[in-house]
Structures are given as structure tokens and as C-alpha cells.
Amino acid sequence: MSTRTGPGLSELSVTEFLTLARAGYFPHGLVVGSCIYQAGNQYDWQVSTQEVVALSHALRAARRLAIQRMRAQAAEVGAEGVVDVRVQVEHDVWRGSRQVAKFVATGTAVGFDHDRARPEHKGVPSLRLADGHPFTSDLTAPDFVTLLRAGYRPISVAMGACVYGLDPRHLRAYRAQDAEVSEYTQAFFDARETAMDRLQQDLFAEHPQGGPDNPAGIVGVTVTESIYGGSGRGAPIIEFNAIGTAVAELHPNDPRRGSAHARPQVAVPLDR
Amino acid sequence: MNQQDLPKHARERLADMRAKRLFTSDLSVGEFLLVKEAGFDPLGMVMGSSIYQIDPTVPQFSSGQTGCEITDMTRALYHARELAMTRMEEEADALGADGIVGVRLTVKLGANPLKWEWDLYREWQEWARGVGFPRSSTALGPNWRSWPQVAAQMWTHYCWQMGWWPEPQAPWARARTLTSSAFGQNAAEFLAIGCAVRHRDGENYRNKQGKPFQSDLSGQDFWLLIRTGYRPVGFVMGNCVYYVPPQLLQAQASQSCELGAYTHALYDARELATERLQDEAEALGATGIVGVTFAEREHSGRFQPWNAGNGALQSGEVIELFVIGTAVVPTPGGGGLARPLLVLSANDAETTQEAGE
């Protein structure tokens, strides 16, 4: 049962706060989790067009730890979950060759306020997961409320990563002609798909199908990329990150669902 | 790469998604709900990409000639986009989709290495000024390409002063999000991403060629289109690469006048690209094209650091005109959209701006 311990710190704007409050939720505080991870030596891998498995695994482990710590903090302030999660990553090569990654996950912990909830919302079940952990989601507060009204609840932030090395020698074969660089296409295509594939696999490993937190889908997936090296700083390494929020369906009779007959209306805003 | 051959992980991911009845989508929550309201279920995020090497040869002109289209380059740029989109379509087909909404077609051009280095040089200068080094110590003038040595010395000195040990990485040596520099100067990545959808009641929404329709409309626009009695049949595009020789880029000194030949070249390129767009829409049997956008891009070396002038004035200008839009046909039933509701937003200006981004 969630009880608020004191005034909750939040980075919500007034409109966001009111949207959340009208749905019966209140911020419990800003929560942070971080992890600094060392991912081996950059001379451990060769220059070739293939995945750098050591780095992919390091990314995954580090992100998981950061999210876990943030979640533990949310549980401590008695929240049901965390919305607006953002994962910031900063890479450094320290002392020449050691790859160090800093992960910081921040979010706003929210919980249901049973004392001040509207009468029809009294006694709604908690949004915590079946194992008692708070949920996590990278949706903003208004998006979280819209999602509940649509009959879904967030489960967790789903992530997948893939780090790929590129061999610059491939380009030489294509000098002075218009053609597809198929080695690179294959590499980029494969890396992006691997990141998304891992996102799915990790999600199902944690929340198996048919379990109490059966994932129905993932919304808001984005695939971002960043590059290290290249342009005279060694062979380039490319990192792909896929991130989204896994959602599960609410019980059909849950009062938080909006009415099924409500249809969107077209509105013309009168302010600029 | 074989056209019919998606990477192993792609096939794995799509099969897994189909078996577990899981959807992934890059739609925002609002878009997701509107697509569902329009009668479609999102199936999964689909993508296709192609990395293409484009040879920058420009034709040789004798003086007095006007510009012309570089057909090889037009064809190459078109083919690269087509490859990316065909692969995306294949992924959607593998999911059993009726269409793809929210298609984004992006091009990541290889960066000019000189420009890249110049940017880093400027970044270092800014940093040095910010922490209080005198301006004269970073102004290298025409010898600016020797900046890495000076910067490294300065950074070591600074770290020693601050007592930082081991010496961390300098701010200008950090990772960048500009992936295209990995390709070399004349290669670019063409990437198409969208969300595959299927009609809930099994109505056929595929286009004339039996392929899933594609559309660059957002979830909101897609809903509006369906509700007003139209449906998308395909994503159409046209492009044209045009070369303008250097002598047409400048007029007589001390004179204000129109650069007639330059105007004509751009005009011609735009018309050619639009004509190709229309031909594509006609091939799909469309009655109209919505959301047409023009993009204009210079592929020539305009960049010359350290007061060497505009590179285009020496080598001529290579311009690509690129037009995209969504071809639509009316649905037999027509639409029944209610009268719009007028609302006054209570968000303050700042919040509205954020939401609009």
C-alpha cells in the first residue's frame, strides 16, 4: 500500500501535475539511479565489421543496474512506479584505452492517493508489478494518464543495445562508382535489428508471456545511435540503443479505463 | 546484399513478434490510440536501410553553357532510397501488414572531414575562452590545422592545474552522434522507419500492386484522413540532381540583378522532381497527393574554412531537389467527421511550445 511520506519533489509542470492529480496520482519524489561501468580495453577487439560483443554486454548490464537502483529508490518512497524515465549515457576513454560508461537514470516516482481519489476510483488495485516492484516507464505524466484511460498500464522500460565495429577498408572497393556499400548496409541493418531483437528478448525473459505481467506491446520505441572513433581517431565503433515502454492490459472492469464509447474529437486551438 | 534477403536478426524478430502477438511501435501514446480508433492495430516497428556510395563527378563545361541534370547521380540517390523502402516493405509484408504509417525517410550524408575538423577546432577555442585562457593562445589563423598539438598541451596543463589524475578525456574528444562520418565523404546512409499496421476487421487496404501501403502521415493525420473519407495508397517521391556551373553563380561586380540562369536551373530541377512525383502517384492510381514537402540540398563543397571563400564559386553547385508526399484515394463510404470543436488552451506559452515540438 502506498503512503506518502512527505511533500514529493517533482519536475512536472503545473499542467502535467494537474493531469496526474485528476487521475488520482501524486508525485512521491524525484528518483535517480546511476552506474559507472568499465567495459574492457579498446585493443581487445580487432578492426573488422562485426559486433563488439563485450561492449554490448557491458551496456546492457550497466543500464540494468542503473534502472534497478532507481526502482529501489522508488520502492523506498512508497511509490507504485516511475514515469518520465530518462537514461543518460556518457562515454569516456580514460587513460588512453579504458572504455568507461556513466549511466544516470532519472524519473518521477508516482503513487495513487487513496484519501483524495475520486469516489469511483476508490480501492483500485496498485500498479506495482506482480513481484511487488514498482513499474518504470519513459512516458511523460500526461501520456501515462492517457494510457491508463485507454486500458493499458506500463510495466517497464524495455531496452536493447548493440555495439558494432566497422572496417574502413571496405570503402576502398567502391571508389569512383555509384553503388550500394553492401557490407556497411548489412552491418547497420543487422545492428539495428539486433538492438530491437534484444529489447524483445530481455522483456520476455523478465516478464514471461502468460504471466501476471503479460506484455501486450511496446510503445514509443526509438532507436538512437552514436559513434566513437572514426575521422582519424581509429576505426569507428557504432552503438545502437533501442528504448521503449512495455505495456500490459488493465482488467476489463478497471474504473481507470475511459468509457469505450468516448471518441476523439477534432479541436481547433484558438490561441496561436 | 540480396534484395530479398533481410538480415537474420530481422527475420528472427519479426517471427518472434508474430508468434507472441506482441506489438512494438514507435508511435507516441496519442498516435497509438488514434490509429486504433481508426480501426487499425499496430503490428510492429519496421525499417530498411541502405548505405550508398555516390561518385561526385561533375560534367565538364565550356563557358557559356547553362546547367543540366546529372542523371547518374539522380538515379543513384533515387535507387538508394528505393532500396531502403523496399526492405521496409518486405519487413511489413513478413508481419502480414496492410500498411505502414509514420514513415520517416532520413539521409545521413557523409560529413566533410575538413568541416568536421573545423568544428572541433572552434569547440576547443570556445572551451579555452570559457575557462580563461587568453584569446591569443587559441587563435592560430591560417595554421589552424595544427590545433590538435596545441590543444593537447593546453589540456595537459589544465588538468595538472586542476589536480586531475588520471587525466580525463578532453571535451572536444568525446563521442559524437553524427554517425555519417564513419562512411567516408561520399557515402550516405538512407534509412526508412515506420510502424506497420493491419486493419482489425480484415478489410483490404493494400495498394494496386498488392503491397502494403506506405504513408509519411503521423498517427493524428492518418486518423483524420481515414475519418474524412480518404485512404493512403502509397508514399511517392521524386528527385532531381542539377549541376550549375560556377560562371552562372556570380553576376558582374557592383550590380544588382537576377541570376537568370541560376533561377532557371533551380526552377527546372523543381519541375522535373515534381513531375516524377506525379508519375509515381499516377502509377498507383491515386486521385491526389497530400503532405507534399520539398527538400533542397547542396552536395557541393560550399565549405571553405579560414577565409578561402565559397567553394561553390570555384567548382559549381550540385543541388538535389527531393519531393515526397502521400498518395490518397477516396473511400467508397465517405467520411463522417463531426464539426470541429473550438478550444482555448490553458497551457502557458512555454508549455504549449514544448508540446508542439
# chains A, B, ... in the order shown; residues from 1 in each chain; ligands from 1

$ select_by_dssp --residues "region 56-135 of chain B" --states "helix (DSSP H, G or I)" --output "ChimeraX atom specification"
/B:71-94,113-131,135

$ write_last_selection --atoms "C-alpha atoms" --output "PDB file, in the first residue's frame"
ATOM      1  CA  THR B  71      21.210  11.768 -64.409  1.00  0.00           C
ATOM      2  CA  ASP B  72      23.642   9.230 -62.905  1.00  0.00           C
ATOM      3  CA  MET B  73      23.507  10.905 -59.547  1.00  0.00           C
ATOM      4  CA  THR B  74      19.728  11.357 -59.706  1.00  0.00           C
ATOM      5  CA  ARG B  75      19.388   7.669 -60.405  1.00  0.00           C
ATOM      6  CA  ALA B  76      21.808   6.684 -57.639  1.00  0.00           C
ATOM      7  CA  LEU B  77      20.092   8.802 -54.993  1.00  0.00           C
ATOM      8  CA  TYR B  78      16.700   7.503 -56.064  1.00  0.00           C
ATOM      9  CA  HIS B  79      17.855   3.893 -56.126  1.00  0.00           C
ATOM     10  CA  ALA B  80      19.330   4.156 -52.630  1.00  0.00           C
ATOM     11  CA  ARG B  81      16.027   5.397 -51.214  1.00  0.00           C
ATOM     12  CA  GLU B  82      14.111   2.777 -53.118  1.00  0.00           C
ATOM     13  CA  LEU B  83      16.302   0.021 -51.658  1.00  0.00           C
ATOM     14  CA  ALA B  84      15.663   1.235 -48.124  1.00  0.00           C
ATOM     15  CA  MET B  85      11.931   1.482 -48.706  1.00  0.00           C
ATOM     16  CA  THR B  86      11.677  -1.913 -50.397  1.00  0.00           C
ATOM     17  CA  ARG B  87      13.373  -3.517 -47.414  1.00  0.00           C
ATOM     18  CA  MET B  88      10.991  -1.798 -45.055  1.00  0.00           C
ATOM     19  CA  GLU B  89       8.093  -3.020 -47.192  1.00  0.00           C
ATOM     20  CA  GLU B  90       9.467  -6.580 -47.028  1.00  0.00           C
ATOM     21  CA  GLU B  91       9.532  -6.408 -43.238  1.00  0.00           C
ATOM     22  CA  ALA B  92       5.937  -5.207 -43.198  1.00  0.00           C
ATOM     23  CA  ASP B  93       4.981  -7.979 -45.584  1.00  0.00           C
ATOM     24  CA  ALA B  94       6.580 -10.542 -43.253  1.00  0.00           C
ATOM     25  CA  PRO B 113      36.257  15.938 -42.959  1.00  0.00           C
ATOM     26  CA  LEU B 114      37.562  19.490 -43.221  1.00  0.00           C
ATOM     27  CA  LYS B 115      34.326  20.925 -41.839  1.00  0.00           C
ATOM     28  CA  TRP B 116      34.332  18.307 -39.111  1.00  0.00           C
ATOM     29  CA  GLU B 117      37.800  19.279 -38.014  1.00  0.00           C
ATOM     30  CA  TRP B 118      36.979  22.973 -38.189  1.00  0.00           C
ATOM     31  CA  ASP B 119      34.011  22.413 -35.859  1.00  0.00           C
ATOM     32  CA  LEU B 120      36.229  20.650 -33.328  1.00  0.00           C
ATOM     33  CA  TYR B 121      38.749  23.482 -33.588  1.00  0.00           C
ATOM     34  CA  ARG B 122      36.004  26.003 -32.830  1.00  0.00           C
ATOM     35  CA  GLU B 123      34.786  23.902 -29.929  1.00  0.00           C
ATOM     36  CA  TRP B 124      38.249  23.845 -28.407  1.00  0.00           C
ATOM     37  CA  GLN B 125      38.557  27.634 -28.827  1.00  0.00           C
ATOM     38  CA  GLU B 126      35.248  28.131 -27.059  1.00  0.00           C
ATOM     39  CA  TRP B 127      36.256  25.890 -24.192  1.00  0.00           C
ATOM     40  CA  ALA B 128      39.603  27.645 -23.758  1.00  0.00           C
ATOM     41  CA  ARG B 129      37.914  31.058 -23.693  1.00  0.00           C
ATOM     42  CA  GLY B 130      35.377  29.739 -21.183  1.00  0.00           C
ATOM     43  CA  VAL B 131      37.989  28.544 -18.676  1.00  0.00           C
ATOM     44  CA  ARG B 135      42.282  34.643 -26.780  1.00  0.00           C
TER      45      ARG B 135
END

$ residues_around --residues "region 289-298 of chain B" --least-positions-apart "4" --cutoff "7 Å" --atoms "only C-alpha atoms" --output "ChimeraX atom specification"
/B:318-328

$ residues_around --residues "Ala273 (chain B)" --least-positions-apart "4" --cutoff "6 Å" --atoms "only C-alpha atoms" --output "ChimeraX atom specification"
/B:238-240

$ write_last_selection --atoms "C-alpha atoms" --output "PDB file, in the first residue's frame"
ATOM      1  CA  GLY B 238      10.646  12.337 -57.000  1.00  0.00           C
ATOM      2  CA  ASN B 239      14.129  13.769 -57.157  1.00  0.00           C
ATOM      3  CA  CYS B 240      16.465  15.617 -59.465  1.00  0.00           C
TER       4      CYS B 240
END

$ select_by_dssp --residues "region 44-256 of chain A" --states "strand (DSSP E)" --output "count of residues only"
74

$ residues_around --residues "Ala246 (chain A)" --least-positions-apart "2" --cutoff "6 Å" --atoms "only C-alpha atoms" --output "PyMOL selection string"
chain A and resi 154-156+217-218

$ write_last_selection --atoms "C-alpha atoms" --output "mmCIF file, in the first residue's frame"
data_model
loop_
_atom_site.group_PDB
_atom_site.id
_atom_site.type_symbol
_atom_site.label_atom_id
_atom_site.label_comp_id
_atom_site.auth_asym_id
_atom_site.auth_seq_id
_atom_site.Cartn_x
_atom_site.Cartn_y
_atom_site.Cartn_z
ATOM 1 C CA PRO A 154 3.035 0.417 -18.127
ATOM 2 C CA ILE A 155 5.257 -2.446 -16.941
ATOM 3 C CA SER A 156 8.839 -1.484 -17.520
ATOM 4 C CA GLY A 217 3.160 -4.436 -26.614
ATOM 5 C CA ILE A 218 5.836 -1.782 -26.557
#

$ atom_distance --atom1 "CA of Val219 (chain A)" --atom2 "CA of Phe190 (chain B)"
24.2 Å

$ closest_residue --among "B:Cys257, B:Met237, B:Ala151, B:Ile51" --to "Trp172 (chain B)" --atoms "only C-alpha atoms"
B:Ala151

$ residues_around --residues "Leu129 (chain A)" --least-positions-apart "6" --cutoff "10 Å" --atoms "only C-alpha atoms" --output "PyMOL selection string"
chain A and resi 80-81+135-136+154-156+207+212-213

$ write_last_selection --atoms "N, CA and C atoms" --output "short mmCIF file (atom, residue, chain, number, x, y, z; two decimals), in the first residue's frame"
data_model
loop_
_atom_site.label_atom_id
_atom_site.label_comp_id
_atom_site.auth_asym_id
_atom_site.auth_seq_id
_atom_site.Cartn_x
_atom_site.Cartn_y
_atom_site.Cartn_z
N GLU A 80 4.25 3.63 -6.54
CA GLU A 80 3.78 2.48 -7.33
C GLU A 80 4.59 2.33 -8.60
N GLY A 81 5.24 3.39 -8.98
CA GLY A 81 6.03 3.30 -10.20
C GLY A 81 6.74 4.60 -10.50
N PHE A 135 6.59 -0.16 -11.22
CA PHE A 135 6.77 -0.17 -12.67
C PHE A 135 7.70 0.97 -13.07
N THR A 136 8.26 0.90 -14.27
CA THR A 136 9.05 2.01 -14.80
C THR A 136 8.55 2.31 -16.20
N PRO A 154 1.62 0.64 -17.80
CA PRO A 154 3.03 0.42 -18.13
C PRO A 154 3.63 -0.66 -17.24
N ILE A 155 4.56 -1.44 -17.76
CA ILE A 155 5.26 -2.45 -16.94
C ILE A 155 6.68 -1.99 -16.67
N SER A 156 7.44 -1.86 -17.75
CA SER A 156 8.84 -1.48 -17.52
C SER A 156 9.43 -0.85 -18.77
N HIS A 207 9.53 -10.70 -18.00
CA HIS A 207 8.07 -10.79 -17.83
C HIS A 207 7.54 -11.81 -18.83
N PRO A 212 1.60 -12.98 -14.87
CA PRO A 212 0.71 -11.91 -14.38
C PRO A 212 0.97 -10.56 -15.05
N ASP A 213 2.21 -10.35 -15.53
CA ASP A 213 2.51 -9.10 -16.23
C ASP A 213 2.76 -9.37 -17.70
#

$ atom_distance --atom1 "CA of Thr331 (chain B)" --atom2 "CA of Pro269 (chain A)"
28.4 Å

$ closest_residue --among "A:Asn253, A:Gln201, A:Thr146, A:Ser56" --to "Arg13 (chain B)" --atoms "only C-alpha atoms"
A:Gln201

$ residues_around --residues "Val52 (chain A)" --least-positions-apart "2" --cutoff "7 Å" --atoms "only C-alpha atoms" --output "PDB file with C-alpha atoms, in the first residue's frame"
ATOM      1  CA  GLN A  50      31.134  -7.238 -36.716  1.00  0.00           C
ATOM      2  CA  ALA A  54      31.981  -7.259 -24.877  1.00  0.00           C
ATOM      3  CA  LEU A  55      30.699  -3.694 -25.230  1.00  0.00           C
ATOM      4  CA  SER A  56      27.126  -4.769 -25.988  1.00  0.00           C
ATOM      5  CA  VAL A 163      27.690  -2.143 -30.480  1.00  0.00           C
ATOM      6  CA  TYR A 164      29.155  -2.716 -33.916  1.00  0.00           C
ATOM      7  CA  GLY A 165      32.652  -2.220 -35.253  1.00  0.00           C
TER       8      GLY A 165
END
